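File shown here: structure.txt, holding compact mmCIF, C-alpha atoms and all ligand atoms.
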```txt
# COMPACT_ATOMS: atom_id res chain seq x y z
CA MET B 1 17.49 7.15 -13.61
CA GLU B 2 15.97 8.16 -10.25
CA THR B 3 17.59 7.13 -6.97
CA LEU B 4 16.92 3.63 -5.73
CA VAL B 5 15.06 4.04 -2.42
CA LEU B 6 14.13 0.44 -1.66
CA ARG B 7 15.57 -2.87 -2.72
CA LEU B 8 14.37 -6.34 -1.81
CA ASP B 9 16.33 -9.25 -3.17
CA GLN B 10 14.94 -12.80 -3.05
CA VAL B 11 13.24 -12.27 0.29
CA ALA B 12 11.82 -15.36 2.00
CA LEU B 13 9.93 -15.45 5.29
CA ARG B 14 8.23 -18.21 7.26
CA LEU B 15 5.50 -17.48 9.79
CA GLY B 16 4.25 -20.16 12.15
CA GLY B 17 6.34 -22.69 10.24
CA ARG B 18 4.65 -21.83 6.95
CA PRO B 19 6.39 -20.12 4.05
CA VAL B 20 4.46 -16.86 3.51
CA LEU B 21 7.04 -15.19 1.28
CA ARG B 22 9.22 -17.52 -0.81
CA ASP B 23 10.94 -15.34 -3.35
CA VAL B 24 10.11 -11.64 -3.48
CA SER B 25 12.28 -9.07 -5.22
CA LEU B 26 11.60 -5.39 -5.75
CA ASP B 27 13.49 -2.26 -6.62
CA LEU B 28 11.69 1.01 -6.05
CA ARG B 29 12.88 4.39 -7.28
CA ALA B 30 12.17 7.92 -6.07
CA GLY B 31 8.83 9.21 -7.37
CA GLU B 32 7.74 5.84 -8.70
CA PHE B 33 4.21 4.47 -8.13
CA VAL B 34 4.03 0.71 -7.73
CA GLY B 35 0.80 -1.19 -7.06
CA LEU B 36 1.26 -4.25 -4.83
CA ILE B 37 -1.42 -6.68 -5.98
CA GLY B 38 -2.41 -10.08 -4.69
CA ALA B 39 -5.39 -12.09 -3.44
CA ASN B 40 -6.35 -12.22 0.25
CA GLY B 41 -3.62 -13.97 2.19
CA ALA B 42 -1.02 -13.53 -0.56
CA GLY B 43 1.39 -11.89 1.90
CA LYS B 44 0.94 -8.20 1.03
CA THR B 45 0.72 -6.93 4.62
CA THR B 46 3.54 -9.26 5.63
CA LEU B 47 5.73 -7.74 2.93
CA LEU B 48 5.04 -4.21 4.20
CA ARG B 49 5.93 -5.37 7.72
CA VAL B 50 9.24 -6.64 6.36
CA ILE B 51 9.95 -3.26 4.72
CA LEU B 52 9.09 -1.52 8.00
CA GLY B 53 11.64 -3.68 9.80
CA LEU B 54 8.96 -5.32 11.96
CA LEU B 55 9.61 -8.79 10.53
CA ARG B 56 13.04 -10.12 9.68
CA PRO B 57 13.28 -12.26 6.54
CA ASN B 58 14.73 -15.77 6.89
CA SER B 59 16.75 -15.19 3.77
CA GLY B 60 17.33 -12.55 1.12
CA SER B 61 18.19 -8.92 1.68
CA VAL B 62 16.35 -5.64 2.19
CA GLU B 63 17.86 -2.19 1.82
CA VAL B 64 16.03 1.07 2.52
CA LEU B 65 17.79 4.12 1.07
CA GLY B 66 20.92 2.05 0.57
CA ARG B 67 21.11 0.88 4.18
CA PRO B 68 20.06 -2.29 5.97
CA LEU B 69 16.71 -2.39 7.73
CA ARG B 70 15.87 -0.62 10.93
CA ARG B 71 12.60 -0.02 12.71
CA GLY B 72 10.94 3.35 13.02
CA ASN B 73 12.72 4.85 10.02
CA PRO B 74 11.10 8.28 9.42
CA ALA B 75 11.97 7.94 5.72
CA VAL B 76 9.22 5.32 5.49
CA GLY B 77 5.64 6.57 5.86
CA TYR B 78 2.98 3.97 6.56
CA VAL B 79 -0.80 3.89 6.36
CA PRO B 80 -1.86 0.59 7.98
CA GLN B 81 -4.71 -1.58 6.78
CA LYS B 82 -8.10 -0.09 7.67
CA GLN B 83 -8.55 0.85 11.26
CA GLN B 84 -12.26 1.28 11.83
CA LEU B 85 -12.71 4.64 13.51
CA ASP B 86 -15.33 4.75 16.24
CA PRO B 87 -18.11 7.17 15.10
CA GLU B 88 -18.03 8.65 18.63
CA THR B 89 -14.27 9.16 18.77
CA PRO B 90 -13.63 12.67 20.18
CA LEU B 91 -10.70 13.39 17.81
CA ARG B 92 -10.94 16.11 15.19
CA GLY B 93 -9.36 15.58 11.79
CA ARG B 94 -6.35 17.71 12.68
CA ASP B 95 -5.83 15.78 15.94
CA LEU B 96 -5.65 12.52 14.01
CA VAL B 97 -3.07 14.00 11.65
CA ALA B 98 -1.04 15.42 14.57
CA LEU B 99 -0.60 11.88 15.95
CA GLY B 100 1.95 11.54 13.16
CA ILE B 101 4.20 14.04 14.96
CA ASP B 102 4.01 12.37 18.34
CA GLY B 103 5.11 9.08 16.86
CA GLN B 104 8.51 10.47 15.83
CA ARG B 105 11.17 13.06 16.69
CA TRP B 106 12.24 10.89 19.62
CA GLY B 107 9.51 12.35 21.77
CA ILE B 108 10.84 15.89 21.68
CA PRO B 109 7.74 18.05 21.37
CA LEU B 110 7.69 20.64 18.62
CA PRO B 111 6.70 24.18 19.57
CA SER B 112 2.95 24.48 19.10
CA ARG B 113 3.12 27.09 16.30
CA LYS B 114 5.50 25.01 14.24
CA ARG B 115 3.45 21.94 14.97
CA ARG B 116 0.29 23.60 13.74
CA MET B 117 2.01 24.77 10.57
CA ARG B 118 3.18 21.25 9.77
CA VAL B 119 -0.23 19.76 10.42
CA ASP B 120 -1.87 22.43 8.22
CA GLU B 121 0.61 21.77 5.46
CA ALA B 122 -0.14 18.03 5.54
CA LEU B 123 -3.90 18.74 5.63
CA ARG B 124 -3.55 20.96 2.56
CA ALA B 125 -1.52 18.30 0.75
CA VAL B 126 -4.52 15.95 0.94
CA ASP B 127 -7.19 18.63 0.41
CA ALA B 128 -8.56 18.12 3.91
CA ILE B 129 -8.32 21.66 5.33
CA HIS B 130 -12.06 22.26 4.98
CA TYR B 131 -12.99 19.32 7.21
CA ALA B 132 -9.98 19.47 9.54
CA ASP B 133 -12.06 20.49 12.55
CA ALA B 134 -14.86 17.96 12.08
CA PRO B 135 -14.99 14.88 14.35
CA VAL B 136 -13.22 12.10 12.44
CA GLY B 137 -15.87 9.48 13.23
CA LYS B 138 -18.43 11.48 11.26
CA LEU B 139 -16.34 11.72 8.09
CA SER B 140 -16.69 9.47 5.03
CA GLY B 141 -14.28 6.59 4.42
CA GLY B 142 -12.46 8.56 1.72
CA GLU B 143 -12.10 11.62 3.97
CA GLN B 144 -10.73 9.48 6.80
CA GLN B 145 -8.30 7.81 4.43
CA ARG B 146 -6.99 11.22 3.31
CA LEU B 147 -6.35 12.18 6.96
CA LEU B 148 -4.40 8.97 7.52
CA ILE B 149 -2.31 9.77 4.43
CA ALA B 150 -1.68 13.28 5.81
CA GLN B 151 -0.57 11.70 9.09
CA ALA B 152 1.93 9.50 7.23
CA LEU B 153 3.26 12.54 5.32
CA LEU B 154 4.19 14.53 8.44
CA ALA B 155 7.62 12.97 8.75
CA ASP B 156 8.30 13.95 5.13
CA PRO B 157 8.95 10.35 4.05
CA GLN B 158 10.75 9.28 0.88
CA ILE B 159 8.77 6.06 0.70
CA LEU B 160 5.03 5.81 1.32
CA LEU B 161 3.51 2.40 2.08
CA LEU B 162 -0.28 2.20 1.94
CA ASP B 163 -2.05 -1.01 2.95
CA GLU B 164 -5.40 -1.42 1.18
CA PRO B 165 -6.37 2.27 1.35
CA LEU B 166 -9.09 1.65 -1.22
CA SER B 167 -10.95 -1.15 0.55
CA ASN B 168 -14.42 -0.09 1.70
CA LEU B 169 -14.38 2.95 -0.59
CA ASP B 170 -16.86 3.48 -3.38
CA ILE B 171 -15.39 3.68 -6.89
CA ARG B 172 -15.36 7.46 -6.97
CA SER B 173 -13.63 7.89 -3.60
CA ALA B 174 -11.17 5.14 -4.51
CA ASN B 175 -10.27 7.01 -7.68
CA GLU B 176 -9.85 10.25 -5.73
CA VAL B 177 -7.49 8.60 -3.25
CA VAL B 178 -5.46 7.02 -6.07
CA GLN B 179 -5.14 10.35 -7.92
CA LEU B 180 -4.23 12.15 -4.69
CA VAL B 181 -1.51 9.67 -3.78
CA ALA B 182 -0.13 9.75 -7.33
CA ARG B 183 0.01 13.56 -7.27
CA ILE B 184 1.78 13.61 -3.89
CA GLY B 185 4.28 11.05 -5.17
CA ARG B 186 5.00 13.10 -8.29
CA GLU B 187 5.21 16.49 -6.58
CA ARG B 188 7.39 15.34 -3.70
CA GLY B 189 9.38 12.64 -5.44
CA VAL B 190 8.01 10.13 -2.94
CA ALA B 191 8.06 6.47 -3.97
CA VAL B 192 4.65 4.90 -3.43
CA LEU B 193 3.86 1.24 -2.77
CA LEU B 194 0.08 0.92 -2.67
CA VAL B 195 -1.46 -2.42 -1.68
CA ALA B 196 -4.73 -3.46 -3.28
CA HIS B 197 -6.48 -6.69 -4.20
CA ASP B 198 -7.90 -5.07 -7.34
CA MET B 199 -5.48 -3.25 -9.65
CA ASN B 200 -8.17 -1.69 -11.82
CA PRO B 201 -8.51 1.67 -10.00
CA MET B 202 -4.74 2.17 -10.40
CA LEU B 203 -4.28 1.29 -14.07
CA ASP B 204 -3.88 4.95 -15.10
CA VAL B 205 -1.26 5.90 -12.51
CA MET B 206 0.82 2.79 -11.83
CA ASP B 207 4.34 2.88 -13.22
CA ARG B 208 4.75 -0.78 -12.39
CA VAL B 209 2.92 -3.58 -10.65
CA LEU B 210 4.35 -5.96 -8.06
CA TYR B 211 2.19 -9.07 -8.26
CA LEU B 212 2.27 -11.52 -5.33
CA ALA B 213 0.95 -15.08 -5.55
CA GLU B 214 1.92 -18.22 -3.67
CA GLY B 215 4.69 -16.26 -1.94
CA ARG B 216 6.40 -15.41 -5.21
CA SER B 217 6.53 -12.06 -6.97
CA ALA B 218 6.67 -10.63 -10.45
CA ILE B 219 7.41 -6.97 -11.11
CA GLY B 220 7.16 -4.89 -14.23
CA ARG B 221 4.74 -2.83 -16.26
CA VAL B 222 1.16 -4.09 -16.20
CA ASP B 223 1.43 -5.29 -19.82
CA GLU B 224 4.58 -7.23 -18.94
CA VAL B 225 3.35 -8.87 -15.72
CA VAL B 226 -0.40 -9.28 -16.01
CA ARG B 227 -0.23 -11.89 -18.74
CA THR B 228 -1.53 -15.42 -18.87
CA GLU B 229 1.91 -17.06 -19.01
CA VAL B 230 3.53 -14.90 -16.31
CA LEU B 231 0.70 -15.25 -13.79
CA SER B 232 0.19 -18.97 -14.51
CA ARG B 233 3.85 -19.52 -13.64
CA LEU B 234 3.48 -17.43 -10.47
CA TYR B 235 0.33 -19.19 -9.27
CA GLY B 236 1.61 -22.59 -10.33
CA TYR B 237 -1.61 -23.35 -12.18
CA PRO B 238 -3.28 -22.01 -15.32
CA VAL B 239 -4.93 -18.62 -15.06
CA ASP B 240 -6.34 -16.46 -17.81
CA VAL B 241 -6.01 -12.70 -18.10
CA LEU B 242 -9.08 -11.10 -19.64
CA HIS B 243 -9.45 -7.51 -20.80
CA VAL B 244 -13.04 -6.38 -20.45
CA ARG B 245 -14.01 -2.80 -21.24
CA GLY B 246 -10.74 -1.34 -20.01
CA ARG B 247 -10.69 -3.54 -16.91
CA ILE B 248 -8.43 -6.48 -16.28
CA LEU B 249 -9.80 -9.73 -14.88
CA VAL B 250 -7.61 -12.62 -13.83
CA VAL B 251 -9.51 -15.90 -13.99
CA GLY B 252 -8.12 -19.12 -12.58
CA GLY B 253 -9.51 -22.63 -12.19
CA ALA B 254 -12.96 -22.50 -10.63
CA GLU B 255 -12.58 -18.99 -9.32
CA MET B 256 -12.31 -15.53 -10.67
CA LEU B 257 -9.63 -13.17 -9.48
CA MET B 258 -10.30 -9.53 -10.25
CA GLY B 259 -6.85 -8.22 -10.81
CA GLY B 260 -5.97 -10.35 -7.83
CA GLN B 261 -9.20 -10.26 -5.84
CA ARG B 262 -10.87 -13.62 -5.28
CA GLU B 263 -14.47 -13.62 -6.28
CA HIS B 264 -16.43 -16.37 -4.66
CA GLU B 265 -18.66 -16.99 -7.64
CA VAL B 266 -17.87 -17.41 -11.25
CA HIS B 267 -20.09 -15.17 -13.31
CA THR B 268 -20.82 -16.98 -16.53
CA HIS B 269 -23.46 -14.60 -17.82
CA GLU B 270 -24.30 -10.93 -17.47
N1 LIG Q 1 1.97 -13.93 12.65
C1 LIG Q 1 1.58 -14.87 11.78
N2 LIG Q 1 1.75 -16.18 12.04
C2 LIG Q 1 1.37 -17.13 11.15
N3 LIG Q 1 0.85 -16.86 9.96
C3 LIG Q 1 0.64 -15.57 9.63
C4 LIG Q 1 1.00 -14.50 10.52
N4 LIG Q 1 0.70 -13.33 9.91
C5 LIG Q 1 0.17 -13.64 8.72
N5 LIG Q 1 0.14 -14.97 8.54
C6 LIG Q 1 -0.33 -15.70 7.34
O1 LIG Q 1 0.41 -15.24 6.26
C7 LIG Q 1 -0.38 -15.18 5.09
C8 LIG Q 1 -0.28 -13.80 4.49
O2 LIG Q 1 -0.93 -12.85 5.33
P1 LIG Q 1 -1.03 -11.31 4.95
O3 LIG Q 1 0.34 -10.80 4.72
O4 LIG Q 1 -1.82 -10.65 6.00
O5 LIG Q 1 -1.82 -11.39 3.57
P2 LIG Q 1 -2.53 -10.21 2.74
O6 LIG Q 1 -2.20 -8.91 3.39
O7 LIG Q 1 -2.00 -10.35 1.35
O8 LIG Q 1 -4.00 -10.51 2.78
C9 LIG Q 1 -1.79 -15.55 5.52
O9 LIG Q 1 -2.00 -16.91 5.18
C10 LIG Q 1 -1.76 -15.36 7.00
O10 LIG Q 1 -2.66 -16.24 7.62
MG MG Q 2 -3.33 -7.42 4.22
```
Could you spell out this file's structure in structure tokens?
Amino acid sequence: METLVLRLDQVALRLGGRPVLRDVSLDLRAGEFVGLIGANGAGKTTLLRVILGLLRPNSGSVEVLGRPLRRGNPAVGYVPQKQQLDPETPLRGRDLVALGIDGQRWGIPLPSRKRRMRVDEALRAVDAIHYADAPVGKLSGGEQQRLLIAQALLADPQILLLDEPLSNLDIRSANEVVQLVARIGRERGVAVLLVAHDMNPMLDVMDRVLYLAEGRSAIGRVDEVVRTEVLSRLYGYPVDVLHVRGRILVVGGAEMLMGGQREHEVHTHE
């Protein structure tokens, strides 16, 4: 059994007087790939902020690498939810990645040669060397996302948290990012927690899914968790899990949830 790198036990958190997380538990092991799935507003970003030590739970416990929470832990790499990059931003790809060095090491600058080597290594890890000198604002969404992942890898984390890295990407780029993150996780033994509202692009690579609904969580293999009875209990109302041409659709009440994503219309015909 691989080392336990993250453990959340019955975490509950209120924000603005409202319970956002009611009962969330998770154990994450080295090298494991877990998809964190839930509809908009389910509490996915909030949960990452708890793991980062930015929000303190009202009850329950969190341990990162066997120790209680602290902020700014270099063992935890983080790619925040989409920051829209200004097309005119004067940064090159490698400058964006290098920001990952300045945010750590207690402000002690690395010698420039060593710094360049580490940035190059991270750029290679995400296959971004060939566009490293291009202005970031001119790159595609998938290329920008890979740079942000490289930035998060600079501190050589043992846990990688990615918040909706697939949103705004076309299907092909989304698949590329998923495969890239899965490969990095495998090769480096990094545990990955990847947030998405649609689990479908991750079905091939996910070891387990952490499903969030109504502040409660269920964790396990997709075939264990994404089931009518499990999700109906989680949501507190009946939902159906449909398998359509290799994709999973979660349908509840008057709305359709695509693996967690709320669709605003119910499609009753093709
Ligand atoms: N600082 C806050 N104060 C009050 N409510 C908040 C705060 N941050 C988030 N929320 C609420 O918590 C819920 C979960 O938000 P979030 O974690 O961003 O969801 P997700 O990332 O799954 O879309 C939302 O209803 C949101 O409005
Ligand atoms: Mg979010």
Item to check | Residues near Gln179 (chain B), cut-off 10 Å, only C-alpha atoms, skip fewer than 3 positions along chain, as number ranges by chain | outcome: B: 173-176, 182-185, 201-202, 204-205
What box, with edges along x, y and z, holds each listed atom of ligand LIG 1 (chain Q) when 3 Å is added on every side, and can you state its centre and edge lengths in Å to one decimal, as JSON?
```
{"center_x": -1.0, "center_y": -13.0, "center_z": 7.0, "size_x": 12.0, "size_y": 14.2, "size_z": 17.3}
```
Next on the checklist: Just checking: using only C-alpha atoms and all ligand atoms, which residue out of B:Val222, B:Leu21, B:Val192, B:Ala155 ends up closest to ligand LIG 1 (chain Q)?
Outcome noted: B:Leu21
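Listed by chain and then residue number, the contacts of ligand MG 2 (chain Q) are B:Gly38, B:Ala39, B:Asn40, B:Gly41, B:Ala42, B:Gly43, B:Lys44, B:Thr45, B:Thr46, B:Leu47, B:Leu48, B:Pro80, B:Gln81, B:Lys82, B:Asp163, B:Glu164, B:Val195, B:Ala196, B:His197 (distance at most 10 Å, using only C-alpha atoms and all ligand atoms).
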Item to check | atom P1 of ligand LIG 1 (chain Q) to CA of Pro57 (chain B), straight-line distance in Å | outcome: 14.4 Å
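Closest approach to Arg94 (chain B) from the set B:Gly17, B:Pro135, B:Gly215, B:Gly220 is made by B:Pro135, with distances taken over only C-alpha atoms.
Omitting Asp95 (chain B) and its sequence neighbours fewer than 3 positions away, and counting all atoms listed in the file, the residues within 9 Å are Leu91, Arg92, Ala98, Leu99, Val119, Ala132, Asp133 and Val136 of chain B.
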Taking (5.8, -20.6, -9.5) as a centre in this file's frame and 9 Å as the limit, can you find every polymer residue with an atom that close, using only C-alpha atoms, and give them as an mmCIF file with C-alpha atoms, in the coordinates of the input?
```
data_model
loop_
_atom_site.group_PDB
_atom_site.id
_atom_site.type_symbol
_atom_site.label_atom_id
_atom_site.label_comp_id
_atom_site.auth_asym_id
_atom_site.auth_seq_id
_atom_site.Cartn_x
_atom_site.Cartn_y
_atom_site.Cartn_z
ATOM 1 C CA ALA B 213 0.950 -15.080 -5.550
ATOM 2 C CA GLU B 214 1.920 -18.220 -3.670
ATOM 3 C CA GLY B 215 4.690 -16.260 -1.940
ATOM 4 C CA ARG B 216 6.400 -15.410 -5.210
ATOM 5 C CA SER B 217 6.530 -12.060 -6.970
ATOM 6 C CA LEU B 231 0.700 -15.250 -13.790
ATOM 7 C CA SER B 232 0.190 -18.970 -14.510
ATOM 8 C CA ARG B 233 3.850 -19.520 -13.640
ATOM 9 C CA LEU B 234 3.480 -17.430 -10.470
ATOM 10 C CA TYR B 235 0.330 -19.190 -9.270
ATOM 11 C CA GLY B 236 1.610 -22.590 -10.330
ATOM 12 C CA TYR B 237 -1.610 -23.350 -12.180
#
```
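You will find CA of Arg172 (chain B) at 14.5 Å from CA of Leu203 (chain B).
Within 9 Å of the point (16.5, -2.4, -6.4), counting only C-alpha atoms, the protein and nucleic acid residues come to B:Leu4, B:Val5, B:Leu6, B:Arg7, B:Leu8, B:Asp9, B:Ser25, B:Leu26, B:Asp27, B:Leu28, B:Arg29, B:Glu63.
Separating CA of Val250 (chain B) from CA of Val24 (chain B) is a distance of 20.5 Å.
Closest to ligand LIG 1 (chain Q) among B:Ile37, B:Val11, B:Ala30, B:Leu160 is B:Ile37, based on all atoms listed in the file.
With distances restricted to only C-alpha atoms, B:Val79 is the closest residue to Leu193 (chain B) from B:Ala122, B:Val79, B:Leu180, B:Ile101.
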Next on the checklist: Under the rule that all atoms listed in the file are counted, which of B:Thr3, B:Asn200, B:Ser167, B:Gln83 is the nearest residue to Leu148 (chain B)?
Outcome noted: B:Gln83
Could I see region 19-33 of chain B restored to N, CA and C atoms, set down as a PDB file, keeping the file's coordinate frame?
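Writing the result to result-v8.pdb gives the following:
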```
ATOM      1  N   PRO B  19       5.781 -21.146   4.886  1.00  0.00           N
ATOM      2  CA  PRO B  19       6.390 -20.120   4.050  1.00  0.00           C
ATOM      3  C   PRO B  19       5.321 -19.134   3.539  1.00  0.00           C
ATOM      4  N   VAL B  20       5.420 -17.880   3.970  1.00  0.00           N
ATOM      5  CA  VAL B  20       4.460 -16.860   3.510  1.00  0.00           C
ATOM      6  C   VAL B  20       5.059 -16.127   2.308  1.00  0.00           C
ATOM      7  N   LEU B  21       6.325 -15.758   2.420  1.00  0.00           N
ATOM      8  CA  LEU B  21       7.040 -15.190   1.280  1.00  0.00           C
ATOM      9  C   LEU B  21       8.142 -16.172   0.902  1.00  0.00           C
ATOM     10  N   ARG B  22       8.204 -16.534  -0.379  1.00  0.00           N
ATOM     11  CA  ARG B  22       9.220 -17.520  -0.810  1.00  0.00           C
ATOM     12  C   ARG B  22      10.317 -16.861  -1.620  1.00  0.00           C
ATOM     13  N   ASP B  23       9.938 -15.924  -2.464  1.00  0.00           N
ATOM     14  CA  ASP B  23      10.940 -15.340  -3.350  1.00  0.00           C
ATOM     15  C   ASP B  23      10.370 -14.007  -3.865  1.00  0.00           C
ATOM     16  N   VAL B  24      10.654 -12.954  -3.124  1.00  0.00           N
ATOM     17  CA  VAL B  24      10.110 -11.640  -3.480  1.00  0.00           C
ATOM     18  C   VAL B  24      11.255 -10.666  -3.712  1.00  0.00           C
ATOM     19  N   SER B  25      11.265 -10.065  -4.888  1.00  0.00           N
ATOM     20  CA  SER B  25      12.280  -9.070  -5.220  1.00  0.00           C
ATOM     21  C   SER B  25      11.604  -7.812  -5.721  1.00  0.00           C
ATOM     22  N   LEU B  26      12.198  -6.683  -5.385  1.00  0.00           N
ATOM     23  CA  LEU B  26      11.600  -5.390  -5.750  1.00  0.00           C
ATOM     24  C   LEU B  26      12.672  -4.325  -5.709  1.00  0.00           C
ATOM     25  N   ASP B  27      12.674  -3.468  -6.693  1.00  0.00           N
ATOM     26  CA  ASP B  27      13.490  -2.260  -6.620  1.00  0.00           C
ATOM     27  C   ASP B  27      12.538  -1.102  -6.844  1.00  0.00           C
ATOM     28  N   LEU B  28      12.630  -0.112  -5.988  1.00  0.00           N
ATOM     29  CA  LEU B  28      11.690   1.010  -6.050  1.00  0.00           C
ATOM     30  C   LEU B  28      12.498   2.291  -6.129  1.00  0.00           C
ATOM     31  N   ARG B  29      12.121   3.158  -7.064  1.00  0.00           N
ATOM     32  CA  ARG B  29      12.880   4.390  -7.280  1.00  0.00           C
ATOM     33  C   ARG B  29      12.083   5.612  -6.844  1.00  0.00           C
ATOM     34  N   ALA B  30      12.798   6.682  -6.523  1.00  0.00           N
ATOM     35  CA  ALA B  30      12.170   7.920  -6.070  1.00  0.00           C
ATOM     36  C   ALA B  30      11.079   8.341  -7.057  1.00  0.00           C
ATOM     37  N   GLY B  31       9.905   8.693  -6.542  1.00  0.00           N
ATOM     38  CA  GLY B  31       8.830   9.210  -7.370  1.00  0.00           C
ATOM     39  C   GLY B  31       8.034   8.158  -8.117  1.00  0.00           C
ATOM     40  N   GLU B  32       8.415   6.900  -7.955  1.00  0.00           N
ATOM     41  CA  GLU B  32       7.740   5.840  -8.700  1.00  0.00           C
ATOM     42  C   GLU B  32       6.477   5.368  -7.961  1.00  0.00           C
ATOM     43  N   PHE B  33       5.461   4.973  -8.710  1.00  0.00           N
ATOM     44  CA  PHE B  33       4.210   4.470  -8.130  1.00  0.00           C
ATOM     45  C   PHE B  33       4.082   3.001  -8.513  1.00  0.00           C
TER      46      PHE B  33
END
```
